[in-house]
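Student: Dropping in work-v8.txt, which is compact mmCIF, C-alpha atoms:
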# COMPACT_ATOMS: atom_id res chain seq x y z
CA MET A 19 -12.03 10.24 -3.12
CA ILE A 20 -13.83 10.52 0.20
CA GLY A 21 -12.59 7.05 1.16
CA ARG A 22 -9.01 8.00 0.38
CA LEU A 23 -9.26 11.20 2.41
CA ALA A 24 -10.71 9.28 5.34
CA ALA A 25 -7.97 6.66 5.16
CA GLY A 26 -5.32 9.34 4.94
CA ALA A 27 -6.80 11.19 7.90
CA ALA A 28 -6.82 8.02 9.98
CA VAL A 29 -3.17 7.28 9.24
CA LEU A 30 -2.22 10.90 9.85
CA ALA A 31 -3.95 10.88 13.22
CA LEU A 32 -2.14 7.69 14.17
CA MET A 33 1.20 9.09 13.06
CA ALA A 34 0.62 12.29 14.98
CA GLY A 35 -0.08 10.31 18.10
CA LEU A 36 3.07 8.27 17.68
CA SER A 37 5.47 11.00 16.70
CA GLY A 38 4.23 14.20 18.28
CA CYS A 39 4.54 15.84 14.86
CA ILE A 40 2.74 18.99 13.84
CA ILE A 41 1.37 19.36 10.32
CA ILE A 42 -0.03 22.72 9.30
CA SER A 43 -2.24 22.51 6.19
CA SER A 44 -3.32 25.45 4.10
CA GLU A 45 -6.64 25.57 2.28
CA GLY A 46 -4.78 24.55 -0.86
CA GLY A 47 -3.57 21.36 0.82
CA SER A 48 0.07 22.35 1.19
CA ARG A 49 1.93 21.20 4.30
CA THR A 50 4.47 22.75 6.56
CA VAL A 51 6.89 20.15 7.91
CA VAL A 52 7.91 20.72 11.50
CA ALA A 53 11.00 19.08 12.97
CA SER A 54 9.93 17.17 16.04
CA ALA A 55 10.23 13.84 17.81
CA GLY A 56 9.99 11.08 15.21
CA ALA A 57 8.37 7.69 15.64
CA ASP A 58 11.66 6.44 17.07
CA GLY A 59 11.91 9.37 19.46
CA ALA A 60 14.73 11.12 17.61
CA MET A 61 14.49 14.88 18.01
CA GLY A 62 15.27 17.20 15.14
CA VAL A 63 14.17 14.71 12.46
CA PRO A 64 11.67 16.29 10.03
CA SER A 65 8.23 14.69 10.19
CA TYR A 66 6.63 13.71 6.91
CA ALA A 67 3.55 12.14 8.48
CA GLY A 68 1.28 13.73 5.89
CA LEU A 69 3.31 12.26 3.03
CA TYR A 70 3.27 8.85 4.69
CA ALA A 71 -0.50 9.04 5.13
CA ASP A 72 -0.93 9.95 1.48
CA ALA A 73 1.32 7.07 0.39
CA VAL A 74 -0.64 4.55 2.47
CA ALA A 75 -3.92 5.94 1.06
CA ASP A 76 -2.72 5.87 -2.57
CA PRO A 77 -5.55 4.27 -4.62
CA LYS A 78 -2.98 2.61 -6.90
CA ARG A 79 -2.02 0.24 -4.09
CA PRO A 80 -3.49 -3.24 -4.70
CA ALA A 81 -6.30 -4.26 -2.37
CA GLU A 82 -4.41 -7.35 -1.21
CA GLU A 83 -1.54 -5.15 -0.03
CA VAL A 84 -3.82 -2.68 1.73
CA ALA A 85 -5.37 -5.63 3.55
CA ARG A 86 -1.95 -6.40 5.07
CA ASP A 87 -1.47 -2.91 6.49
CA PRO A 88 -2.83 -3.68 10.00
CA LEU A 89 -0.05 -6.25 10.40
CA ARG A 90 2.74 -4.42 8.55
CA HIS A 91 2.17 -0.89 9.92
CA PRO A 92 3.53 0.89 6.83
CA ALA A 93 3.26 4.49 8.05
CA GLN A 94 5.24 3.70 11.19
CA ILE A 95 7.87 1.82 9.17
CA LEU A 96 8.25 4.79 6.80
CA ALA A 97 8.69 7.09 9.79
CA PHE A 98 11.25 4.83 11.46
CA ALA A 99 13.17 4.52 8.19
CA GLN A 100 13.10 8.33 7.91
CA VAL A 101 12.15 8.23 4.23
CA ALA A 102 12.08 11.75 2.81
CA PRO A 103 11.29 13.54 -0.46
CA GLY A 104 14.20 13.37 -2.88
CA ASP A 105 15.72 10.26 -1.29
CA LYS A 106 17.48 7.68 -3.44
CA VAL A 107 16.46 4.27 -2.10
CA ALA A 108 17.24 0.64 -2.91
CA ASP A 109 14.52 -1.90 -2.09
CA ILE A 110 16.20 -5.32 -2.04
CA ARG A 111 14.05 -8.07 -3.56
CA PRO A 112 10.91 -5.94 -3.66
CA GLY A 113 8.62 -8.86 -4.49
CA ALA A 114 5.16 -7.57 -5.41
CA GLY A 115 6.26 -4.07 -4.42
CA TYR A 116 4.56 -3.50 -1.08
CA PHE A 117 7.23 -1.07 0.14
CA THR A 118 8.43 0.00 -3.33
CA ARG A 119 5.10 1.70 -4.00
CA LEU A 120 5.18 3.50 -0.67
CA PHE A 121 8.77 4.64 -1.15
CA SER A 122 7.97 5.88 -4.66
CA ASP A 123 5.15 8.09 -3.40
CA VAL A 124 7.22 9.55 -0.56
CA VAL A 125 10.50 10.24 -2.40
CA GLY A 126 8.54 11.91 -5.20
CA PRO A 127 9.68 13.07 -8.63
CA ASN A 128 13.09 14.21 -7.40
CA GLY A 129 13.78 10.86 -5.75
CA ARG A 130 14.48 7.40 -7.06
CA VAL A 131 13.65 3.85 -5.95
CA TYR A 132 15.90 1.07 -7.23
CA ALA A 133 14.11 -2.28 -7.23
CA PHE A 134 17.08 -4.59 -6.79
CA VAL A 135 16.47 -8.13 -8.06
CA PRO A 136 19.34 -10.61 -7.53
CA ASN A 137 20.63 -12.43 -10.61
CA ARG A 138 19.67 -15.74 -9.02
CA THR A 139 15.95 -14.90 -8.92
CA MET A 140 15.60 -12.46 -11.81
CA ALA A 141 13.92 -14.95 -14.19
CA ARG A 142 10.81 -15.03 -12.01
CA GLU A 143 11.10 -11.65 -10.26
CA ASN A 144 12.05 -9.28 -13.10
CA PRO A 145 8.54 -9.30 -14.65
CA THR A 146 6.98 -8.16 -11.38
CA ALA A 147 9.65 -5.50 -10.92
CA ASP A 148 8.99 -4.29 -14.46
CA LEU A 149 5.31 -3.80 -13.62
CA LEU A 150 6.41 -1.47 -10.82
CA VAL A 151 8.69 0.41 -13.23
CA ALA A 152 5.80 0.82 -15.67
CA ALA A 153 3.45 2.13 -12.96
CA TYR A 154 5.89 4.45 -11.13
CA PRO A 155 8.18 6.70 -13.19
CA ASN A 156 10.75 7.07 -10.39
CA VAL A 157 11.26 3.30 -9.99
CA LYS A 158 14.12 1.58 -11.82
CA ARG A 159 14.96 -2.13 -11.85
CA VAL A 160 18.54 -3.17 -11.08
CA ASN A 161 19.94 -6.68 -11.38
CA GLY A 162 23.21 -7.92 -9.95
CA LEU A 163 24.95 -10.01 -7.35
CA LEU A 164 23.89 -9.37 -3.78
CA ASP A 165 27.48 -9.30 -2.57
CA ALA A 166 28.60 -6.96 -5.35
CA MET A 167 25.57 -4.69 -5.72
CA THR A 168 26.13 -1.26 -7.25
CA TYR A 169 23.85 1.62 -8.24
CA PRO A 170 24.07 4.54 -10.66
CA GLU A 171 24.28 7.07 -7.81
CA PRO A 172 24.96 7.22 -4.06
CA LEU A 173 21.97 6.15 -1.99
CA ASP A 174 20.24 7.58 1.07
CA MET A 175 18.83 4.22 2.17
CA VAL A 176 19.08 0.51 1.49
CA PHE A 177 16.03 -1.42 2.69
CA MET A 178 15.47 -5.15 3.22
CA SER A 179 12.18 -6.57 4.46
CA GLN A 180 12.13 -10.25 5.49
CA GLU A 181 14.97 -11.03 3.10
CA TYR A 182 18.28 -10.83 4.97
CA HIS A 183 18.00 -14.31 6.49
CA ASP A 184 17.57 -15.86 3.02
CA PHE A 185 20.96 -14.63 1.92
CA HIS A 186 22.58 -16.97 4.45
CA ILE A 187 20.94 -19.96 2.74
CA PRO A 188 23.60 -21.76 0.65
CA GLY A 189 21.40 -21.73 -2.46
CA PHE A 190 21.75 -17.96 -2.68
CA ASP A 191 25.54 -18.34 -2.95
CA THR A 192 26.04 -15.01 -1.19
CA ASP A 193 28.88 -13.86 1.01
CA VAL A 194 26.84 -11.89 3.56
CA ALA A 195 29.87 -10.00 4.88
CA ARG A 196 30.65 -8.84 1.35
CA MET A 197 26.97 -7.99 0.82
CA ASN A 198 26.97 -5.72 3.86
CA ALA A 199 30.20 -4.13 2.65
CA ALA A 200 28.55 -3.51 -0.74
CA VAL A 201 25.58 -1.86 0.99
CA PHE A 202 28.01 0.31 2.96
CA ALA A 203 29.79 1.37 -0.25
CA ALA A 204 26.49 2.14 -2.02
CA LEU A 205 25.31 4.57 0.66
CA LYS A 206 26.16 8.22 1.06
CA PRO A 207 27.92 9.19 4.29
CA GLY A 208 25.10 9.33 6.82
CA GLY A 209 23.00 6.91 4.75
CA ARG A 210 20.64 4.41 6.37
CA TYR A 211 20.47 0.63 6.22
CA VAL A 212 17.06 -0.57 7.41
CA VAL A 213 16.39 -4.27 7.94
CA ILE A 214 13.18 -6.06 8.91
CA ASP A 215 13.32 -9.79 9.60
CA HIS A 216 11.76 -12.68 11.48
CA GLN A 217 13.23 -13.12 14.94
CA ALA A 218 14.80 -16.45 15.89
CA ALA A 219 15.26 -17.84 19.39
CA PRO A 220 18.09 -16.34 21.46
CA GLY A 221 21.44 -17.97 20.82
CA THR A 222 20.43 -19.63 17.54
CA GLY A 223 22.33 -17.23 15.28
CA ILE A 224 21.80 -18.29 11.66
CA SER A 225 21.01 -21.95 12.36
CA ALA A 226 17.29 -21.52 11.53
CA VAL A 227 17.58 -19.47 8.35
CA GLN A 228 16.63 -22.39 6.10
CA THR A 229 14.49 -24.52 8.39
CA LEU A 230 12.36 -21.76 9.93
CA HIS A 231 13.32 -18.73 7.80
CA ARG A 232 14.35 -16.84 10.93
CA ILE A 233 17.53 -15.14 12.10
CA GLU A 234 18.56 -14.02 15.56
CA GLY A 235 18.46 -10.23 15.65
CA ASP A 236 21.59 -9.88 17.75
CA HIS A 237 23.53 -11.99 15.26
CA LEU A 238 22.36 -9.85 12.35
CA LYS A 239 23.28 -6.72 14.27
CA ARG A 240 26.84 -7.94 14.81
CA GLU A 241 27.22 -8.80 11.13
CA VAL A 242 26.07 -5.38 9.96
CA GLU A 243 28.16 -3.52 12.52
CA ALA A 244 31.21 -5.49 11.33
CA ALA A 245 30.81 -3.77 7.95
CA GLY A 246 31.31 -0.37 9.60
CA PHE A 247 27.70 0.57 10.32
CA VAL A 248 26.53 2.15 13.55
CA PHE A 249 23.39 0.66 15.08
CA GLU A 250 21.03 3.57 15.58
CA GLY A 251 17.82 2.10 16.89
CA GLU A 252 15.03 -0.41 16.57
CA SER A 253 11.25 -0.41 16.34
CA ALA A 254 8.89 -2.89 17.97
CA VAL A 255 5.99 -2.00 15.69
CA VAL A 256 5.93 -5.50 14.13
CA ALA A 257 7.08 -7.39 17.21
CA ASN A 258 4.90 -10.19 18.58
CA PRO A 259 5.81 -11.42 22.08
CA ALA A 260 3.34 -14.30 21.67
CA ASP A 261 5.54 -15.88 18.98
CA ASP A 262 7.81 -18.42 20.66
CA HIS A 263 10.12 -18.57 17.58
CA SER A 264 9.61 -22.32 17.14
CA LEU A 265 7.50 -22.33 13.96
CA ASN A 266 8.44 -21.89 10.33
CA VAL A 267 7.29 -18.40 9.30
CA PHE A 268 5.09 -19.94 6.58
CA ASP A 269 3.21 -22.10 9.09
CA GLU A 270 -0.42 -20.92 9.03
CA LYS A 271 -0.42 -20.80 12.84
CA ILE A 272 1.97 -17.82 12.73
CA ARG A 273 2.18 -16.63 9.12
CA GLY A 274 1.87 -12.87 8.92
CA ARG A 275 2.09 -12.55 12.69
CA THR A 276 5.69 -13.53 13.42
CA ASP A 277 7.83 -11.70 15.93
CA GLN A 278 9.87 -9.31 13.77
CA PHE A 279 12.59 -6.80 14.50
CA VAL A 280 13.16 -3.55 12.62
CA TYR A 281 16.70 -2.20 12.83
CA ARG A 282 18.14 1.05 11.52
CA PHE A 283 21.88 1.33 10.96
CA ARG A 284 23.77 4.38 9.71
CA LYS A 285 26.92 4.80 7.69
CA PRO A 286 29.15 7.24 9.60
CA GLY A 287 29.80 10.58 7.99
Written as structure tokens, that's how I'd like the structure from this file.
Tutor:
Amino acid sequence: MIGRLAAGAAVLALMAGLSGCIIISSEGGSRTVVASAGADGAMGVPSYAGLYADAVADPKRPAEEVARDPLRHPAQILAFAQVAPGDKVADIRPGAGYFTRLFSDVVGPNGRVYAFVPNRTMARENPTADLLVAAYPNVKRVNGLLDAMTYPEPLDMVFMSQEYHDFHIPGFDTDVARMNAAVFAALKPGGRYVVIDHQAAPGTGISAVQTLHRIEGDHLKREVEAAGFVFEGESAVVANPADDHSLNVFDEKIRGRTDQFVYRFRKPG
């Protein structure tokens, strides 16, 4: 318990330094959320730094995922994505559930996290998604086609981490323009589309999606905007200027330390 409190305090202190938020705690542990400058500098956005700290410090998180936190900066990503209690979120190809677990803790009992597993990969990925469903009551698995994805209710956010580039690989048999249109349709007016991916060299577009598993950020931005989204901002929290974009992301010389962009788009409304 002491270790969790210490971890939570450390994350909270970091978040406070980044966002300028103010959290007022009572003796009973309740928090007052104060609207302030968020991690992306947006004024008037409620700060949930305390919730993010608690999610990162959740003892149910596997040790191997916690060990990745210094490189993945989960509290800052949650803040940039503006995840809030009650949100309905889709996590596309959640894998082992690194972000699914965090989202589940933040959105709480009145929220929902849809672990979307594409039909193409469900034979190997459904069992892992079902473990998340069993451990977190507000997580639900959804299968379907990426370019025709639908959900039982309108969403506040669709999230992709290091996955978007894959959907340009022919083996996924996905029309990316239709996929972005499906994301747009799934979101509420004002909903957010947050994408993290490995940066490719300028001017390379989608030419390295299969060879290096990278995509040029500007190309991705144009594709998403073509679906009707408005680009709202980016975070450099997982950027790495030392990455020259020449290596496959699985190469041990760069694995886990690639130059990554984090983009937030919004559906008008």
Student: Hey, which of A:Ile95, A:Ala218, A:Val84, A:Ala200 ends up closest to A:Asp236? Count only C-alpha atoms.
Tutor: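 Of A:Ile95, A:Ala218, A:Val84, A:Ala200, the one nearest A:Asp236 is A:Ala218, counting only C-alpha atoms.
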Student: Enumerate, in order of chain and increasing residue number, the residues of stretch 132-223 of chain A with an atom no farther than 9 Å from stretch 258-264 of chain A, each with its shortest atom pair and distance in Å to one decimal, counting all atoms listed in the file, as a tab-separated table.
Tutor:
residue	atom	partner	partner_atom	distance
A:His216	CA	A:His263	CA	8.6
A:Gln217	CA	A:His263	CA	6.8
A:Ala218	CA	A:His263	CA	5.4
A:Ala219	CA	A:His263	CA	5.5
Student: In Å, how far is it from atom CA of A:Asp87 to atom CA of A:Ile110?
Tutor: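 Between atom CA of A:Asp87 and atom CA of A:Ile110 the gap works out to 19.8 Å.
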Student: I'd like the contact shell of A:Val157 - 7 Å cut-off, only C-alpha atoms, skipping same-chain residues fewer than 3 positions apart - returned as a list in words.
Tutor: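 That gives Ser122, Arg130, Val131, Tyr132, Ala133, Leu150, Val151 and Tyr154 of chain A.
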Student: Pick from A:Asn198, A:Asn137, A:Gln94, A:Asn128: nearest to A:Ala244, with only C-alpha atoms counted?
Tutor: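 Of A:Asn198, A:Asn137, A:Gln94, A:Asn128, the one nearest A:Ala244, counting only C-alpha atoms, is A:Asn198.
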Student: Compare A:Asp191, A:Glu234, A:Asp109, A:Asp174 by their minimum atom-to-atom distance to A:Lys158, counting only C-alpha atoms, and give me the closest one.
Tutor: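 Result for the nearest residue to A:Lys158: A:Asp109.
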Student: Which residue, A:Tyr66, A:Phe202, A:Phe177, A:Phe117, has the smallest gap to A:His91 when you use all atoms listed in the file?
Tutor: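 Under the stated criterion, the closest residue is A:Phe117.
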Student: I'd like to know which of A:Ala153, A:Val160, A:Leu205, A:Ala81 is closest to A:Lys106, using all atoms listed in the file.
Tutor: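 When distances to A:Lys106 are compared using all atoms listed in the file, the smallest one comes from A:Leu205.
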Student: What gap, in Å, lies between atom CA of A:Lys78 and atom CA of A:Pro103?
Tutor: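 Those two atoms sit 19.1 Å apart.
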Student: So how far away is atom CA of A:Lys206 from atom CA of A:His183, in Å?
Tutor: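 Interatomic distance, atom CA of A:His183 to atom CA of A:Lys206: 24.6 Å.
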Student: Could you write out as AutoDock Vina command-line options the box around stretch 194-211 of chain A (axis-aligned, all atoms listed in the file, 3 Å on each side), with centre and edge lengths in Å to one decimal?
Tutor:
--center_x 25.6 --center_y -1.3 --center_z 2.4 --size_x 16.2 --size_y 27.2 --size_z 14.8
